[in-house]
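Q: Provided herewith is a single structure, encoded as structure tokens, for subsequent inquiry.
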Amino acid sequence: MRFSGKTIVVTGAASGLGLAIASAAEAEGARIIAIDRGQSPFPHARVCDVADEDQMSRAIAGVDRIDGLVTSAGIARRARVDETAMADYDAVMAVNVRGVFLASKYAVPLMRGHGGSVLHISSGVATTGTRNRAAYSASKGAIVSLTRNMALDYAQDKVRVNCLCPGFVNTPLLASISPDRRARLTALHPLGRMGEPEDVAHMALFLLSDQAGWITGQAIAVDGGFNVGHMDDI
């Protein structure tokens, strides 16, 4: 098993992609430190607001070694710039950017000396234009830039840093959408379906593992072709 004897911290581990990645890593032998605002179904679960520095530092306290970090906690708001309430903007940036920054700040020092892998969860909307997602797209674009910067900063410590840019995946964030909107979202993916959390988890585990030992600083699309282009014959 690829993660026997290894400790992996996962934020947003109570649901969605975080839960899928944490569960898959645990099945391959990892000890999961699960961090979420809600209770996660793992023995080492910590309830924590990832945007609160004191809570994040306490969530990591007592862990003496980290081999992997997955920053999956995130929230979304749909609006254009002029329609976005600043409270919504601040909330998105707090969780999606500040939360990633803080998790990295306290986890990476526990990788020094033996190396490790950091995996941020960005989004396909970070690399292609999508209407009515101004704050969310900006936050996910920031994660791509942070990934590249961290990859350079920690390469000498043998800490690799990558991010995933998923397409639209069947997670609780999309549970309430209408059948019509679901059909339109599905049509945006050339492979003909929306993603499942397991689709993303497979790539996540590869990047966390030693099999990806020569990959760092990359933003990798796992999106059914969402970023390739439009399927319509125009």
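Lettering and numbering for the structure tokens are positional, with chains as A, B, ... in the shown order, residues counted from 1 in each chain, and ligands counted from 1 in the shown order.
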Please tabulate, as a Markdown table, the residues of region 21-102 of chain A that come within 12 Å of region 188-207 of chain A, each with its closest pair of atoms and the distance in Å to one decimal, counting only C-alpha atoms and ordering rows by chain, then residue number upward.
A:
| residue | atom | partner | partner_atom | distance |
| --- | --- | --- | --- | --- |
| A:Ile21 | CA | A:Ala201 | CA | 4.7 |
| A:Ala22 | CA | A:Ala201 | CA | 8.4 |
| A:Ser23 | CA | A:Ala201 | CA | 9.0 |
| A:Ala24 | CA | A:Ala201 | CA | 6.9 |
| A:Ala25 | CA | A:Leu205 | CA | 6.6 |
| A:Glu26 | CA | A:Leu205 | CA | 10.4 |
| A:Ala27 | CA | A:Leu205 | CA | 10.9 |
| A:Glu28 | CA | A:Leu205 | CA | 9.3 |
| A:Gly29 | CA | A:Leu205 | CA | 11.7 |
| A:Ala30 | CA | A:Leu205 | CA | 10.7 |
| A:Gly68 | CA | A:Leu207 | CA | 9.8 |
| A:Leu69 | CA | A:Ala204 | CA | 10.7 |
| A:Val70 | CA | A:Ala204 | CA | 8.6 |
| A:Thr71 | CA | A:Ala204 | CA | 11.1 |
| A:Ser72 | CA | A:Ala204 | CA | 10.9 |
Q: Just the helix (DSSP H, G or I) stuff from region 110-140 of chain A, please, per backbone DSSP, written as a ChimeraX atom specification.
A: /A:110,124-126,134-140
Q: With only C-alpha atoms as the atoms that count, which of A:Gln156, A:Ser123, A:Gln39, A:Asn162 lies nearest to Gly141 (chain A)?
A: A:Ser123
Q: Using only C-alpha atoms, pick whichever of A:Arg184, A:His114, A:Arg98, A:Arg80 has the shortest atom-to-atom distance to Arg133 (chain A).
A: A:Arg80
Q: List the spatial neighbours of Ile215 (chain A) as a PyMOL selection string - criterion: any atom at most 12 Å away, only C-alpha atoms, same-chain residues fewer than 3 positions off excluded.
A: chain A and resi 116-119+148+151+155+158-163+206-212+218-220
Q: Write out, as a PDB file, in the first residue's frame, the residues just selected, with N, CA and C atoms.
A:
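Wrote out26.pdb, looks like this:
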ATOM      1  N   GLY A 116       7.805  15.601   1.414  1.00  0.00           N
ATOM      2  CA  GLY A 116       6.377  15.337   1.441  1.00  0.00           C
ATOM      3  C   GLY A 116       5.707  15.937   0.224  1.00  0.00           C
ATOM      4  N   SER A 117       4.383  15.852   0.207  1.00  0.00           N
ATOM      5  CA  SER A 117       3.619  16.334  -0.941  1.00  0.00           C
ATOM      6  C   SER A 117       2.447  17.171  -0.466  1.00  0.00           C
ATOM      7  N   VAL A 118       2.313  18.364  -1.046  1.00  0.00           N
ATOM      8  CA  VAL A 118       1.175  19.238  -0.790  1.00  0.00           C
ATOM      9  C   VAL A 118       0.302  19.223  -2.035  1.00  0.00           C
ATOM     10  N   LEU A 119      -0.997  19.039  -1.837  1.00  0.00           N
ATOM     11  CA  LEU A 119      -1.931  19.041  -2.963  1.00  0.00           C
ATOM     12  C   LEU A 119      -3.076  19.996  -2.660  1.00  0.00           C
ATOM     13  N   ARG A 148       2.494  27.343  -7.522  1.00  0.00           N
ATOM     14  CA  ARG A 148       3.766  27.518  -8.218  1.00  0.00           C
ATOM     15  C   ARG A 148       4.805  28.170  -7.309  1.00  0.00           C
ATOM     16  N   ALA A 151       5.963  25.655  -4.706  1.00  0.00           N
ATOM     17  CA  ALA A 151       6.812  24.629  -5.312  1.00  0.00           C
ATOM     18  C   ALA A 151       8.266  25.085  -5.375  1.00  0.00           C
ATOM     19  N   ALA A 155      11.175  23.423  -2.706  1.00  0.00           N
ATOM     20  CA  ALA A 155      11.844  22.355  -3.453  1.00  0.00           C
ATOM     21  C   ALA A 155      13.102  21.877  -2.743  1.00  0.00           C
ATOM     22  N   LYS A 158      12.620  19.186  -0.378  1.00  0.00           N
ATOM     23  CA  LYS A 158      12.054  17.978  -0.970  1.00  0.00           C
ATOM     24  C   LYS A 158      10.535  17.873  -0.728  1.00  0.00           C
ATOM     25  N   VAL A 159       9.904  19.033  -0.637  1.00  0.00           N
ATOM     26  CA  VAL A 159       8.449  19.098  -0.521  1.00  0.00           C
ATOM     27  C   VAL A 159       7.893  19.490  -1.888  1.00  0.00           C
ATOM     28  N   ARG A 160       7.099  18.616  -2.463  1.00  0.00           N
ATOM     29  CA  ARG A 160       6.464  18.887  -3.748  1.00  0.00           C
ATOM     30  C   ARG A 160       5.112  19.558  -3.523  1.00  0.00           C
ATOM     31  N   VAL A 161       4.736  20.469  -4.423  1.00  0.00           N
ATOM     32  CA  VAL A 161       3.472  21.194  -4.292  1.00  0.00           C
ATOM     33  C   VAL A 161       2.787  21.233  -5.654  1.00  0.00           C
ATOM     34  N   ASN A 162       1.603  20.664  -5.719  1.00  0.00           N
ATOM     35  CA  ASN A 162       0.815  20.656  -6.945  1.00  0.00           C
ATOM     36  C   ASN A 162      -0.631  21.014  -6.618  1.00  0.00           C
ATOM     37  N   CYS A 163      -1.425  21.241  -7.662  1.00  0.00           N
ATOM     38  CA  CYS A 163      -2.852  21.435  -7.430  1.00  0.00           C
ATOM     39  C   CYS A 163      -3.652  20.746  -8.522  1.00  0.00           C
ATOM     40  N   PHE A 206      -2.178   9.657  -6.647  1.00  0.00           N
ATOM     41  CA  PHE A 206      -0.946   9.561  -7.438  1.00  0.00           C
ATOM     42  C   PHE A 206      -0.002  10.712  -7.107  1.00  0.00           C
ATOM     43  N   LEU A 207      -0.527  11.944  -7.071  1.00  0.00           N
ATOM     44  CA  LEU A 207       0.326  13.103  -6.807  1.00  0.00           C
ATOM     45  C   LEU A 207       0.858  13.111  -5.374  1.00  0.00           C
ATOM     46  N   LEU A 208       0.104  12.558  -4.447  1.00  0.00           N
ATOM     47  CA  LEU A 208       0.580  12.471  -3.066  1.00  0.00           C
ATOM     48  C   LEU A 208       1.655  11.409  -2.897  1.00  0.00           C
ATOM     49  N   SER A 209       1.665  10.424  -3.775  1.00  0.00           N
ATOM     50  CA  SER A 209       2.536   9.264  -3.605  1.00  0.00           C
ATOM     51  C   SER A 209       3.933   9.504  -4.168  1.00  0.00           C
ATOM     52  N   ASP A 210       4.834   8.585  -3.838  1.00  0.00           N
ATOM     53  CA  ASP A 210       6.204   8.651  -4.357  1.00  0.00           C
ATOM     54  C   ASP A 210       6.261   8.409  -5.861  1.00  0.00           C
ATOM     55  N   GLN A 211       5.192   7.872  -6.442  1.00  0.00           N
ATOM     56  CA  GLN A 211       5.164   7.664  -7.890  1.00  0.00           C
ATOM     57  C   GLN A 211       5.237   8.985  -8.650  1.00  0.00           C
ATOM     58  N   ALA A 212       4.854  10.076  -7.992  1.00  0.00           N
ATOM     59  CA  ALA A 212       4.898  11.403  -8.616  1.00  0.00           C
ATOM     60  C   ALA A 212       6.099  12.194  -8.105  1.00  0.00           C
ATOM     61  N   GLN A 218       2.672  21.977 -10.572  1.00  0.00           N
ATOM     62  CA  GLN A 218       1.751  21.789 -11.688  1.00  0.00           C
ATOM     63  C   GLN A 218       0.286  21.953 -11.279  1.00  0.00           C
ATOM     64  N   ALA A 219      -0.492  22.525 -12.184  1.00  0.00           N
ATOM     65  CA  ALA A 219      -1.945  22.601 -12.044  1.00  0.00           C
ATOM     66  C   ALA A 219      -2.534  21.621 -13.051  1.00  0.00           C
ATOM     67  N   ILE A 220      -3.069  20.533 -12.554  1.00  0.00           N
ATOM     68  CA  ILE A 220      -3.478  19.416 -13.406  1.00  0.00           C
ATOM     69  C   ILE A 220      -4.997  19.334 -13.477  1.00  0.00           C
TER      70      ILE A 220
END
Q: Which of region 5-230 of chain A end up as strand (DSSP E) when DSSP is run on this backbone - answer as a ChimeraX atom specification?
A: /A:7-11,31-36,44-47,68-71,116-121,159-166,219-222
Q: Output C-alpha atoms for every residue in that selection, as a short mmCIF file (atom, residue, chain, number, x, y, z; two decimals), in the first residue's frame.
A:
data_model
loop_
_atom_site.label_atom_id
_atom_site.label_comp_id
_atom_site.auth_asym_id
_atom_site.auth_seq_id
_atom_site.Cartn_x
_atom_site.Cartn_y
_atom_site.Cartn_z
CA THR A 7 0.35 10.78 7.90
CA ILE A 8 -1.81 12.88 5.58
CA VAL A 9 -3.69 16.00 6.66
CA VAL A 10 -6.89 16.69 4.72
CA THR A 11 -8.98 19.84 5.10
CA ARG A 31 -3.20 7.87 8.95
CA ILE A 32 -5.61 10.70 8.20
CA ILE A 33 -5.70 13.93 10.20
CA ALA A 34 -9.14 15.15 9.12
CA ILE A 35 -9.89 18.86 9.48
CA ASP A 36 -13.34 20.31 8.84
CA HIS A 44 -8.11 11.57 14.11
CA ALA A 45 -10.70 14.25 13.30
CA ARG A 46 -10.38 17.88 14.35
CA VAL A 47 -13.23 20.39 14.11
CA GLY A 68 1.02 14.85 2.80
CA LEU A 69 -1.36 17.79 2.92
CA VAL A 70 -4.58 18.11 0.92
CA THR A 71 -6.36 21.47 1.09
CA GLY A 116 6.38 15.34 1.44
CA SER A 117 3.62 16.33 -0.94
CA VAL A 118 1.18 19.24 -0.79
CA LEU A 119 -1.93 19.04 -2.96
CA HIS A 120 -4.21 22.04 -3.26
CA ILE A 121 -7.67 21.69 -4.77
CA VAL A 159 8.45 19.10 -0.52
CA ARG A 160 6.46 18.89 -3.75
CA VAL A 161 3.47 21.19 -4.29
CA ASN A 162 0.82 20.66 -6.94
CA CYS A 163 -2.85 21.43 -7.43
CA LEU A 164 -5.81 19.83 -9.13
CA CYS A 165 -8.31 21.72 -11.27
CA PRO A 166 -11.44 19.56 -11.34
CA ALA A 219 -1.95 22.60 -12.04
CA ILE A 220 -3.48 19.42 -13.41
CA ALA A 221 -6.97 19.27 -14.90
CA VAL A 222 -9.16 16.32 -13.95
#
Q: Tell me which of A:Asp88, A:Asp54, A:Asp157, A:Glu83 sits closest to Gly113 (chain A), counting only C-alpha atoms.
A: A:Asp157
Q: Using only C-alpha atoms, which protein or nucleic acid residues come within 12 Å of Ala61 (chain A)? Drop anything in the same chain fewer than 5 positions from it, and give the result as an NGL selection string.
A: :A and (33 or 46 or 54-56 or 66 or 103 or 106-107 or 109-110)
Q: When you look at Val125 (chain A) with a cut-off of 10 Å (counting only C-alpha atoms), what residues show up, excluding the ones that are within fewer than 4 positions of it in the same chain? I need them as a PyMOL selection string.
A: chain A and resi 129-131+133-134+136-141+165-168+226-227
